[in-house]
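Raw contents of run_15.cif, mmCIF, C-alpha atoms and all ligand atoms:
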```cif
data_work
loop_
_atom_site.label_atom_id
_atom_site.label_comp_id
_atom_site.auth_asym_id
_atom_site.auth_seq_id
_atom_site.Cartn_x
_atom_site.Cartn_y
_atom_site.Cartn_z
CA MET A 1 -1.67 6.57 53.22
CA LYS A 2 -3.32 8.62 55.95
CA ILE A 3 -5.09 6.52 58.60
CA LEU A 4 -7.09 9.11 60.53
CA ARG A 5 -9.15 11.96 59.17
CA LYS A 6 -8.96 15.21 61.15
CA ASP A 7 -9.08 13.99 64.78
CA LEU A 8 -8.61 11.03 67.09
CA LEU A 9 -11.59 11.18 69.43
CA ASP A 10 -12.24 7.52 70.27
CA LEU A 11 -11.48 3.98 69.14
CA ARG A 12 -15.14 3.19 68.64
CA SER A 13 -15.29 5.15 65.39
CA LEU A 14 -12.26 3.33 63.92
CA ASN A 15 -12.38 0.04 62.06
CA ALA A 16 -10.04 -2.90 62.63
CA GLY A 17 -7.90 -1.95 59.62
CA GLN A 18 -7.34 1.58 60.96
CA VAL A 19 -6.43 0.25 64.41
CA GLN A 20 -3.97 -2.29 62.95
CA SER A 21 -2.43 0.42 60.77
CA LEU A 22 -1.95 2.70 63.78
CA LEU A 23 -0.30 -0.19 65.66
CA ASP A 24 1.99 -0.86 62.67
CA LEU A 25 2.95 2.82 62.53
CA SER A 26 3.54 2.82 66.31
CA LEU A 27 5.92 -0.10 65.88
CA VAL A 28 7.84 1.90 63.26
CA ALA A 29 8.03 4.78 65.78
CA LEU A 30 9.17 2.39 68.53
CA GLN A 31 11.99 1.19 66.30
CA GLY A 32 13.10 4.76 65.55
CA GLY A 33 11.79 4.67 61.98
CA LEU A 34 9.91 7.99 61.88
CA PRO A 35 11.86 11.02 60.59
CA ARG A 36 13.00 13.32 63.41
CA ASP A 37 11.95 16.44 61.50
CA ALA A 38 8.65 15.12 60.18
CA LEU A 39 6.60 17.71 62.08
CA GLN A 40 8.99 20.64 61.90
CA GLY A 41 7.00 23.90 61.89
CA ARG A 42 3.92 22.27 63.43
CA VAL A 43 2.60 23.25 66.87
CA VAL A 44 1.08 20.75 69.30
CA ALA A 45 -0.90 22.28 72.19
CA LEU A 46 -1.39 20.20 75.33
CA ALA A 47 -4.46 21.23 77.32
CA PHE A 48 -4.94 19.01 80.35
CA PHE A 49 -7.90 20.00 82.50
CA GLU A 50 -7.27 16.93 84.69
CA PRO A 51 -3.93 15.75 86.15
CA SER A 52 -1.66 13.49 84.13
CA THR A 53 1.86 12.13 84.28
CA ARG A 54 2.09 9.54 81.50
CA THR A 55 -0.22 10.91 78.81
CA CYS A 56 0.84 14.55 78.98
CA THR A 57 4.55 13.84 79.22
CA SER A 58 4.54 11.24 76.47
CA PHE A 59 2.60 13.49 74.08
CA GLU A 60 5.19 16.20 74.72
CA LEU A 61 8.07 13.78 74.10
CA ALA A 62 6.36 12.39 71.02
CA ALA A 63 5.81 15.85 69.51
CA ARG A 64 9.40 16.94 70.25
CA ARG A 65 10.86 13.73 68.81
CA LEU A 66 9.12 14.54 65.54
CA GLY A 67 10.40 18.12 65.52
CA ALA A 68 7.13 19.87 66.48
CA GLU A 69 6.87 22.85 68.81
CA VAL A 70 5.00 22.12 72.03
CA LEU A 71 2.67 24.54 73.75
CA ARG A 72 1.97 23.23 77.25
CA PHE A 73 -1.15 25.08 78.37
CA ASP A 74 -1.23 25.47 82.16
CA VAL A 75 -4.93 25.32 83.06
CA ALA A 76 -4.39 26.20 86.74
CA ARG A 77 -2.64 29.49 85.84
CA SER A 78 -4.79 30.32 82.82
CA SER A 79 -7.84 32.46 82.14
CA VAL A 80 -9.96 29.34 82.61
CA GLN A 81 -9.72 30.37 86.26
CA LYS A 82 -11.44 33.67 85.29
CA GLY A 83 -14.27 31.78 83.66
CA GLU A 84 -13.08 31.46 80.04
CA SER A 85 -14.97 28.67 78.31
CA LEU A 86 -13.41 25.48 76.99
CA LEU A 87 -14.30 26.43 73.43
CA ASP A 88 -12.82 29.94 73.71
CA THR A 89 -9.69 28.42 75.21
CA ALA A 90 -9.40 25.94 72.34
CA ARG A 91 -10.00 28.60 69.69
CA THR A 92 -7.47 30.91 71.35
CA LEU A 93 -4.81 28.18 71.21
CA GLU A 94 -5.72 27.50 67.59
CA ALA A 95 -5.45 31.22 66.76
CA MET A 96 -1.88 31.13 68.10
CA GLY A 97 -1.06 28.49 65.52
CA ALA A 98 -1.80 25.14 67.18
CA ASP A 99 -2.08 22.44 64.51
CA ALA A 100 -3.20 19.87 67.07
CA LEU A 101 -4.94 20.21 70.39
CA VAL A 102 -4.38 17.33 72.79
CA LEU A 103 -7.22 17.62 75.27
CA ARG A 104 -7.94 15.91 78.59
CA HIS A 105 -11.16 16.92 80.31
CA SER A 106 -13.43 15.63 83.05
CA ALA A 107 -16.50 16.02 80.82
CA SER A 108 -17.28 13.02 78.61
CA GLY A 109 -17.56 14.27 75.03
CA ALA A 110 -15.56 17.49 75.56
CA PRO A 111 -13.04 16.71 72.75
CA HIS A 112 -15.87 15.75 70.37
CA PHE A 113 -17.57 19.08 71.08
CA VAL A 114 -14.38 21.11 70.57
CA ALA A 115 -13.46 19.20 67.39
CA ARG A 116 -16.63 20.42 65.68
CA TYR A 117 -15.66 24.06 66.09
CA VAL A 118 -11.91 24.16 65.46
CA ARG A 119 -10.04 23.50 62.25
CA CYS A 120 -6.97 22.01 63.96
CA SER A 121 -6.78 18.33 64.84
CA VAL A 122 -8.14 17.33 68.24
CA VAL A 123 -6.75 14.31 70.08
CA ASN A 124 -8.70 12.95 73.03
CA ALA A 125 -6.28 12.39 75.91
CA GLY A 126 -9.07 11.09 78.14
CA ASP A 127 -12.60 12.49 78.52
CA GLY A 128 -14.50 11.80 81.71
CA MET A 129 -15.77 8.23 81.83
CA HIS A 130 -15.91 7.94 78.04
CA GLU A 131 -12.67 7.03 76.20
CA HIS A 132 -8.89 7.28 76.27
CA PRO A 133 -8.02 6.18 72.72
CA THR A 134 -4.22 6.49 72.84
CA GLN A 135 -4.19 4.47 76.08
CA GLY A 136 -6.26 1.85 74.26
CA LEU A 137 -3.77 1.80 71.39
CA LEU A 138 -0.74 1.50 73.66
CA ASP A 139 -2.40 -1.34 75.54
CA LEU A 140 -3.09 -3.13 72.24
CA LEU A 141 0.48 -2.54 71.08
CA THR A 142 1.81 -3.96 74.35
CA VAL A 143 -0.31 -7.10 74.07
CA ARG A 144 0.64 -7.56 70.40
CA GLU A 145 4.35 -7.04 71.06
CA VAL A 146 4.63 -9.19 74.17
CA LYS A 147 2.22 -12.00 73.24
CA GLY A 148 2.82 -11.89 69.48
CA ARG A 149 -0.88 -11.59 68.67
CA ILE A 150 -4.20 -10.31 69.99
CA GLU A 151 -6.74 -12.57 68.28
CA GLY A 152 -7.88 -15.46 70.44
CA LEU A 153 -6.25 -14.27 73.67
CA LYS A 154 -8.23 -14.19 76.89
CA VAL A 155 -7.88 -10.75 78.47
CA VAL A 156 -9.33 -10.00 81.90
CA ILE A 157 -9.97 -6.36 82.79
CA LEU A 158 -10.52 -6.16 86.50
CA GLY A 159 -12.02 -3.71 88.98
CA ASP A 160 -13.62 -0.32 88.46
CA ILE A 161 -14.96 -0.79 84.94
CA LEU A 162 -17.85 1.63 85.50
CA HIS A 163 -15.75 4.79 85.80
CA SER A 164 -12.93 3.75 83.48
CA ARG A 165 -12.38 5.43 80.13
CA VAL A 166 -9.40 3.10 79.72
CA ALA A 167 -11.67 0.07 79.97
CA ARG A 168 -13.93 1.49 77.28
CA SER A 169 -11.11 2.11 74.81
CA THR A 170 -8.91 -0.90 75.57
CA ALA A 171 -11.72 -3.44 75.82
CA TYR A 172 -13.26 -2.15 72.60
CA GLY A 173 -9.97 -2.31 70.71
CA LEU A 174 -9.14 -5.77 72.02
CA GLY A 175 -12.59 -7.09 71.13
CA LEU A 176 -12.40 -5.50 67.68
CA LEU A 177 -9.13 -7.33 67.00
CA GLY A 178 -10.52 -10.67 68.16
CA ALA A 179 -9.50 -11.05 71.81
CA ARG A 180 -11.91 -12.65 74.29
CA VAL A 181 -12.48 -9.88 76.82
CA VAL A 182 -13.70 -10.63 80.34
CA LEU A 183 -14.81 -7.58 82.32
CA CYS A 184 -14.78 -8.45 86.01
CA GLY A 185 -15.59 -6.46 89.13
CA PRO A 186 -18.16 -5.98 91.85
CA ALA A 187 -21.67 -5.61 90.43
CA THR A 188 -21.76 -1.96 91.52
CA LEU A 189 -18.67 -1.20 89.39
CA LEU A 190 -19.88 -2.96 86.22
CA PRO A 191 -21.85 -0.73 83.82
CA SER A 192 -25.36 -1.92 82.98
CA SER A 193 -24.47 -1.96 79.30
CA LEU A 194 -21.33 -1.48 77.27
CA ASP A 195 -21.18 -2.49 73.65
CA ILE A 196 -17.87 -4.34 73.47
CA PRO A 197 -17.36 -7.01 70.78
CA ASN A 198 -16.39 -10.47 72.13
CA ALA A 199 -16.86 -9.37 75.78
CA VAL A 200 -18.47 -11.13 78.75
CA TRP A 201 -19.12 -9.85 82.25
CA THR A 202 -18.68 -11.46 85.62
CA THR A 203 -18.35 -10.67 89.30
CA ARG A 204 -16.43 -13.92 89.96
CA VAL A 205 -12.77 -13.02 89.91
CA GLU A 206 -11.31 -16.48 90.54
CA GLU A 207 -13.28 -17.95 87.64
CA ALA A 208 -12.48 -15.01 85.38
CA LEU A 209 -8.74 -15.42 85.86
CA GLU A 210 -8.65 -19.15 84.90
CA ASP A 211 -6.40 -19.53 81.84
CA ALA A 212 -6.15 -15.80 81.21
CA ASP A 213 -3.35 -14.64 78.91
CA VAL A 214 -3.47 -11.02 80.05
CA VAL A 215 -4.78 -9.39 83.24
CA MET A 216 -5.26 -5.67 83.59
CA PRO A 217 -6.51 -4.36 86.95
CA LEU A 218 -7.82 -0.82 86.80
CA ARG A 219 -7.30 2.00 89.23
CA MET A 220 -10.16 2.64 91.63
CA GLN A 221 -11.24 6.09 90.45
CA VAL A 222 -11.58 7.70 93.83
CA GLU A 223 -11.90 11.16 92.20
CA ARG A 224 -15.09 9.89 90.51
CA ALA A 225 -16.41 8.64 93.89
CA ALA A 226 -15.68 4.99 93.09
CA ALA A 227 -15.05 4.31 96.78
CA ALA A 228 -18.73 4.95 97.43
CA PHE A 229 -19.63 1.97 95.20
CA VAL A 230 -17.97 -0.61 97.49
CA PRO A 231 -18.34 -1.17 101.24
CA SER A 232 -14.72 -0.08 101.73
CA LEU A 233 -11.47 -0.01 99.77
CA GLY A 234 -10.17 -2.72 102.12
CA GLU A 235 -13.13 -4.96 101.30
CA PHE A 236 -12.66 -4.33 97.57
CA ALA A 237 -8.96 -5.20 97.88
CA ARG A 238 -9.74 -8.41 99.78
CA LEU A 239 -12.22 -9.56 97.12
CA TYR A 240 -10.77 -8.18 93.86
CA ALA A 241 -7.13 -7.07 94.15
CA LEU A 242 -4.73 -8.88 91.84
CA THR A 243 -2.57 -10.79 94.34
CA PRO A 244 0.12 -13.43 93.71
CA GLU A 245 -2.41 -16.11 94.74
CA ARG A 246 -4.99 -14.94 92.22
CA LEU A 247 -2.37 -14.54 89.51
CA ARG A 248 -1.53 -18.26 89.86
CA ARG A 249 -4.91 -19.03 88.26
CA THR A 250 -3.83 -17.49 84.96
CA ARG A 251 -1.66 -19.15 82.31
CA PRO A 252 1.99 -19.53 83.35
CA ASP A 253 3.02 -17.02 80.69
CA ALA A 254 0.24 -14.53 81.43
CA ILE A 255 1.23 -10.89 81.59
CA VAL A 256 0.07 -8.19 83.99
CA MET A 257 -0.79 -4.72 82.71
CA HIS A 258 -2.02 -1.56 84.44
CA PRO A 259 -2.73 1.79 82.78
CA GLY A 260 -1.38 3.67 85.80
CA PRO A 261 -1.32 5.41 88.13
CA MET A 262 -1.64 2.46 90.52
CA ASN A 263 -3.26 2.35 93.93
CA LEU A 264 -0.92 -0.24 95.40
CA GLY A 265 -2.68 -2.50 97.86
CA VAL A 266 -6.12 -1.64 96.45
CA GLU A 267 -6.48 -3.10 92.92
CA ILE A 268 -3.00 -4.64 92.70
CA THR A 269 -0.38 -5.71 95.23
CA PRO A 270 3.25 -4.50 94.98
CA GLU A 271 4.47 -8.12 94.49
CA VAL A 272 2.39 -8.37 91.31
CA ALA A 273 2.94 -4.81 90.10
CA TYR A 274 6.73 -5.14 90.31
CA GLY A 275 6.88 -8.89 89.67
CA PRO A 276 8.28 -10.79 86.67
CA ARG A 277 4.94 -10.91 84.81
CA SER A 278 4.47 -7.14 84.91
CA VAL A 279 4.78 -5.21 81.63
CA ILE A 280 3.52 -1.96 83.13
CA LEU A 281 6.62 0.07 82.29
CA ARG A 282 6.62 -1.35 78.78
CA GLN A 283 3.14 0.09 78.38
CA VAL A 284 4.60 3.47 79.32
CA THR A 285 7.35 3.14 76.70
CA HIS A 286 4.82 2.12 74.09
CA GLY A 287 2.78 5.22 74.98
CA VAL A 288 5.44 7.49 73.47
CA ALA A 289 5.52 5.43 70.25
CA VAL A 290 1.74 5.39 69.89
CA ARG A 291 1.52 9.16 70.41
CA MET A 292 4.27 9.72 67.85
CA ALA A 293 2.31 7.62 65.38
CA VAL A 294 -0.93 9.50 66.01
CA LEU A 295 0.65 12.97 65.73
CA TYR A 296 2.64 11.90 62.66
CA ASP A 297 -0.45 10.58 60.93
CA LEU A 298 -2.60 13.62 61.78
CA LEU A 299 -0.07 16.37 61.13
CA ARG A 300 2.33 15.18 58.47
CA HIS A 301 -0.09 16.07 55.70
CA PRO A 302 -2.85 18.05 57.42
CA THR A 303 -6.11 17.78 55.58
CA VAL A 304 -8.07 20.94 54.91
CA HIS A 305 -11.67 20.39 55.91
CA PRO A 306 -13.70 23.03 54.07
CA GLU A 307 -16.88 21.95 55.82
CA LEU A 308 -15.44 23.30 59.08
CA ARG A 309 -15.08 26.85 57.74
CA PRO A 310 -16.02 29.43 58.81
CA VAL A 311 -15.98 28.36 62.45
CA ALA A 312 -18.06 31.27 63.77
CA GLN A 313 -21.03 30.43 61.55
CA ARG A 314 -21.14 26.93 62.98
CA LEU A 315 -21.43 27.94 66.61
CA PRO A 316 -24.87 27.14 68.01
CA ALA A 317 -26.84 29.92 69.64
CA GLY A 318 -25.59 30.55 73.17
CA VAL A 319 -22.16 29.00 72.66
CA SER A 320 -19.26 31.37 73.04
N1 LIG B 401 -2.85 6.12 82.05
C1 LIG B 401 -2.92 7.47 82.15
O1 LIG B 401 -3.72 8.11 81.51
O2 LIG B 401 -2.01 8.01 83.03
P1 LIG B 401 -1.90 9.56 83.35
O3 LIG B 401 -3.17 9.96 84.08
O4 LIG B 401 -0.69 9.68 84.23
O5 LIG B 401 -1.77 10.30 82.07
#
```

Could you take the file, read its structure, and then write that structure out as structure tokens?
Amino acid sequence: MKILRKDLLDLRSLNAGQVQSLLDLSLVALQGGLPRDALQGRVVALAFFEPSTRTCTSFELAARRLGAEVLRFDVARSSVQKGESLLDTARTLEAMGADALVLRHSASGAPHFVARYVRCSVVNAGDGMHEHPTQGLLDLLTVREVKGRIEGLKVVILGDILHSRVARSTAYGLGLLGARVVLCGPATLLPSSLDIPNAVWTTRVEEALEDADVVMPLRMQVERAAAAFVPSLGEFARLYALTPERLRRTRPDAIVMHPGPMNLGVEITPEVAYGPRSVILRQVTHGVAVRMAVLYDLLRHPTVHPELRPVAQRLPAGVS
């Protein structure tokens, strides 16, 4: 039974059953249960308009492990540098045979926009400050695997919530599956509104960490000017970094997660990041499994969407 329709653009448009099914399929992938040739003959294009280590590499591994061909589009050496539009780039990759376009872009909503005008599947690999759905899924899988459940757990997401697409996907998914989510950071880094089920907000880190089952500090998004929202990175670290002392407030079996890349000494100290409670590298491993599950579900039996044809007639005036 197919879980997703044409694309994976965000977690917010999925229901709890779809999220659980994707986690179940990811577990099958993690245990080596997906056929190695399931996507033979399919082409997965990776178009990363922002830097990435984990997401890009794990999508490539995931596609190859399922037998797909991978087209790694190099934005810096491409005709994007000559002014080619995002949509023309996407349609060009599709015309070369891409069955899926894995897209990371600094503009929130870029994958949603592209998905309306291409017939191939679009997977959001992180769009601006909006969502990072496969990161959300791998975070959920990690919590479920390590803690044995999600429902009823207290999960603290700490730091730069405002700029974090990870926070939006992970917090939403956790809340949807019944975790108690606490979003904690300086007032300037907490969004004024964010519709997350089962979530509360606080600026008080010591209180937030009491009895937590899971803590996930977030990277200070310096490239999105996050440093300008706090007096200094040193001050932020003094007040909000996850240190061994702060970690002692959590449950004795609490785990520490981080989506990566880390700013050591800013949102998390090395003792915590590399300490016995850390499951950060397990998150990375789970990332490959989740991306295998997503590509497998989308591409194994591609759905023809007649409403998307012909593409050219659907382009709004002025879009090229
Ligand atoms: N978590 C994450 O998206 O990492 P990358 O930027 O390395 O892909």

Within 10 Å of ligand LIG 401 (chain B): each chain A residue with its shortest pair, all atoms listed in the file, as a Markdown table:
```
| residue | atom | partner | partner_atom | distance |
| --- | --- | --- | --- | --- |
| A:Phe48 | CA | B:LIG401 | O5 | 9.4 |
| A:Glu50 | CA | B:LIG401 | O3 | 8.1 |
| A:Pro51 | CA | B:LIG401 | O3 | 6.2 |
| A:Ser52 | CA | B:LIG401 | O5 | 3.8 |
| A:Thr53 | CA | B:LIG401 | O4 | 3.5 |
| A:Arg54 | CA | B:LIG401 | O4 | 3.9 |
| A:Thr55 | CA | B:LIG401 | O5 | 3.7 |
| A:Cys56 | CA | B:LIG401 | O5 | 5.9 |
| A:Thr57 | CA | B:LIG401 | O5 | 7.8 |
| A:Ser58 | CA | B:LIG401 | O5 | 8.5 |
| A:Phe59 | CA | B:LIG401 | O5 | 9.6 |
| A:Arg104 | CA | B:LIG401 | O5 | 9.0 |
| A:Ala125 | CA | B:LIG401 | O1 | 7.5 |
| A:Gly126 | CA | B:LIG401 | O1 | 7.0 |
| A:His132 | CA | B:LIG401 | O1 | 7.4 |
| A:Pro133 | CA | B:LIG401 | O1 | 10.0 |
| A:Thr134 | CA | B:LIG401 | O1 | 8.8 |
| A:Gln135 | CA | B:LIG401 | N1 | 6.3 |
| A:Gly136 | CA | B:LIG401 | N1 | 9.5 |
| A:Leu138 | CA | B:LIG401 | N1 | 9.8 |
| A:Asp139 | CA | B:LIG401 | N1 | 9.9 |
| A:Arg165 | CA | B:LIG401 | O1 | 9.2 |
| A:Val166 | CA | B:LIG401 | N1 | 7.6 |
| A:Leu218 | CA | B:LIG401 | N1 | 9.8 |
| A:Arg219 | CA | B:LIG401 | N1 | 9.4 |
| A:His258 | CA | B:LIG401 | N1 | 8.1 |
| A:Pro259 | CA | B:LIG401 | N1 | 4.4 |
| A:Gly260 | CA | B:LIG401 | N1 | 4.7 |
| A:Pro261 | CA | B:LIG401 | O2 | 5.8 |
| A:Met262 | CA | B:LIG401 | N1 | 9.3 |
| A:Gln283 | CA | B:LIG401 | N1 | 9.3 |
| A:Val284 | CA | B:LIG401 | N1 | 8.4 |
| A:Gly287 | CA | B:LIG401 | N1 | 9.1 |
```

- Task: Can you work out the spacing between atom CA of A:Asp160 and atom CA of A:Leu23 in Å, to one decimal?
- Result: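 These two atoms are separated by 26.4 Å.
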
- Shell of 12 Å around stretch 235-238 of chain A, all atoms listed in the file, local chain residues under 3 positions omitted, as an MDAnalysis selection string: chainID A and resid 158:160 185:189 203 205 217:220 226:232 241:243 245:246 263:269

- Message: With only C-alpha atoms as the counted atoms, please give the residues lying no more than 12 Å from A:His112, apart from itself and same-chain residues fewer than 3 positions off, as number ranges by chain.
- Response: A: 6-10, 13, 87, 101-105, 107-109, 115-118, 121-127, 130-131

- Atom-to-atom span, atom CA of A:Arg149 and atom CA of A:Arg12, Å: 20.5 Å

- Message: Around (7.2, 25.1, 66.0), as given in the file, which residues come within 6 Å? Count only C-alpha atoms and list them as an MDAnalysis selection string.
- Response: chainID A and resid 41:43 68:69

Enclose the full set of atoms of stretch 212-218 of chain A listed in the file within a box whose edges lie along x, y and z, apply 3 Å of padding to each of the six sides, and report centre and edge lengths in Å to one decimal as JSON.
```
{"center_x": -5.6, "center_y": -8.3, "center_z": 82.9, "size_x": 10.5, "size_y": 21.0, "size_z": 14.0}
```

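Across A:Val155, A:Ala110, A:Leu14, A:Ala62, the tightest approach to A:Ser85 is made by A:Ala110 when counting all atoms listed in the file.
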
- Task: Rank nothing, just name the residue among A:Arg36, A:Ile196, A:Glu151, A:Ala179 nearest to A:Ala167, using all atoms listed in the file.
- Result: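 Looking at the shortest contact to A:Ala167, the residue is A:Ile196.
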
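Taking atom CA of A:Asp37 as the reference point, atom CA of A:Met96 is found at 21.2 Å.
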
- Residue with smallest distance to A:Gly173 - pool A:Leu137, A:Leu61, A:Val156, A:Ala90, counting only C-alpha atoms: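 Of all the options, A:Leu137 lies closest to A:Gly173.
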
- Task: Dig up all the protein and nucleic acid residues within 10 Å of (-11.3, -13.6, 71.3) in the file frame, using all atoms listed in the file, and format them as a PyMOL selection string.
- Result: chain A and resi 150-155+174-182+197-199

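Of the residues under consideration (A:Leu34, A:Leu281, A:Val272, A:Ile161), A:Leu34 shows the shortest atom-to-atom contact distance to A:Val294 when counting all atoms listed in the file.
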
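Of the residues listed (A:Ala63, A:Ala171, A:Ala100, A:Ile3), A:Ala171 shows the shortest atom-to-atom separation from A:Leu140; distances use all atoms listed in the file.
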
- Exercise: A:Glu210 partners within 6 Å, all atoms listed in the file, chain neighbours under 3 positions left out, as a PyMOL selection string: chain A and resi 207+249-250

- Proximity to A:Ala29 - best of A:Leu141, A:Met257, A:Val200, A:Ala212, all atoms listed in the file: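 Checking each candidate against A:Ala29, we get A:Leu141 as the closest.
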
How would stretch 99-111 of chain A read, as a PDB file, in the frame of the given file, once N, CA, C and O atoms are built in?
```
ATOM      1  N   ASP A  99      -1.609  23.342  65.569  1.00  0.00           N
ATOM      2  CA  ASP A  99      -2.080  22.440  64.510  1.00  0.00           C
ATOM      3  C   ASP A  99      -2.826  21.252  65.099  1.00  0.00           C
ATOM      4  O   ASP A  99      -3.612  20.587  64.428  1.00  0.00           O
ATOM      5  N   ALA A 100      -2.493  20.944  66.363  1.00  0.00           N
ATOM      6  CA  ALA A 100      -3.200  19.870  67.070  1.00  0.00           C
ATOM      7  C   ALA A 100      -3.432  20.300  68.494  1.00  0.00           C
ATOM      8  O   ALA A 100      -2.575  20.937  69.116  1.00  0.00           O
ATOM      9  N   LEU A 101      -4.603  19.930  68.999  1.00  0.00           N
ATOM     10  CA  LEU A 101      -4.940  20.210  70.390  1.00  0.00           C
ATOM     11  C   LEU A 101      -5.136  18.858  71.075  1.00  0.00           C
ATOM     12  O   LEU A 101      -6.045  18.105  70.709  1.00  0.00           O
ATOM     13  N   VAL A 102      -4.263  18.574  72.022  1.00  0.00           N
ATOM     14  CA  VAL A 102      -4.380  17.330  72.790  1.00  0.00           C
ATOM     15  C   VAL A 102      -5.125  17.690  74.065  1.00  0.00           C
ATOM     16  O   VAL A 102      -4.628  18.468  74.878  1.00  0.00           O
ATOM     17  N   LEU A 103      -6.307  17.126  74.220  1.00  0.00           N
ATOM     18  CA  LEU A 103      -7.220  17.620  75.270  1.00  0.00           C
ATOM     19  C   LEU A 103      -7.605  16.506  76.234  1.00  0.00           C
ATOM     20  O   LEU A 103      -8.091  15.453  75.832  1.00  0.00           O
ATOM     21  N   ARG A 104      -7.389  16.776  77.527  1.00  0.00           N
ATOM     22  CA  ARG A 104      -7.940  15.910  78.590  1.00  0.00           C
ATOM     23  C   ARG A 104      -8.932  16.752  79.374  1.00  0.00           C
ATOM     24  O   ARG A 104      -8.640  17.884  79.748  1.00  0.00           O
ATOM     25  N   HIS A 105     -10.105  16.154  79.618  1.00  0.00           N
ATOM     26  CA  HIS A 105     -11.160  16.920  80.310  1.00  0.00           C
ATOM     27  C   HIS A 105     -12.031  15.962  81.111  1.00  0.00           C
ATOM     28  O   HIS A 105     -12.217  14.809  80.719  1.00  0.00           O
ATOM     29  N   SER A 106     -12.582  16.480  82.196  1.00  0.00           N
ATOM     30  CA  SER A 106     -13.430  15.630  83.050  1.00  0.00           C
ATOM     31  C   SER A 106     -14.797  15.382  82.428  1.00  0.00           C
ATOM     32  O   SER A 106     -15.512  14.462  82.840  1.00  0.00           O
ATOM     33  N   ALA A 107     -15.178  16.182  81.444  1.00  0.00           N
ATOM     34  CA  ALA A 107     -16.500  16.020  80.820  1.00  0.00           C
ATOM     35  C   ALA A 107     -16.432  15.028  79.662  1.00  0.00           C
ATOM     36  O   ALA A 107     -15.681  15.264  78.694  1.00  0.00           O
ATOM     37  N   SER A 108     -17.212  13.970  79.734  1.00  0.00           N
ATOM     38  CA  SER A 108     -17.280  13.020  78.610  1.00  0.00           C
ATOM     39  C   SER A 108     -17.801  13.776  77.384  1.00  0.00           C
ATOM     40  O   SER A 108     -18.806  14.489  77.470  1.00  0.00           O
ATOM     41  N   GLY A 109     -17.107  13.627  76.271  1.00  0.00           N
ATOM     42  CA  GLY A 109     -17.560  14.270  75.030  1.00  0.00           C
ATOM     43  C   GLY A 109     -16.937  15.637  74.790  1.00  0.00           C
ATOM     44  O   GLY A 109     -17.148  16.226  73.719  1.00  0.00           O
ATOM     45  N   ALA A 110     -16.156  16.152  75.738  1.00  0.00           N
ATOM     46  CA  ALA A 110     -15.560  17.490  75.560  1.00  0.00           C
ATOM     47  C   ALA A 110     -14.720  17.576  74.275  1.00  0.00           C
ATOM     48  O   ALA A 110     -14.856  18.539  73.503  1.00  0.00           O
ATOM     49  N   PRO A 111     -13.838  16.602  73.983  1.00  0.00           N
ATOM     50  CA  PRO A 111     -13.040  16.710  72.750  1.00  0.00           C
ATOM     51  C   PRO A 111     -13.903  16.633  71.489  1.00  0.00           C
ATOM     52  O   PRO A 111     -13.609  17.295  70.492  1.00  0.00           O
TER      53      PRO A 111
END
```
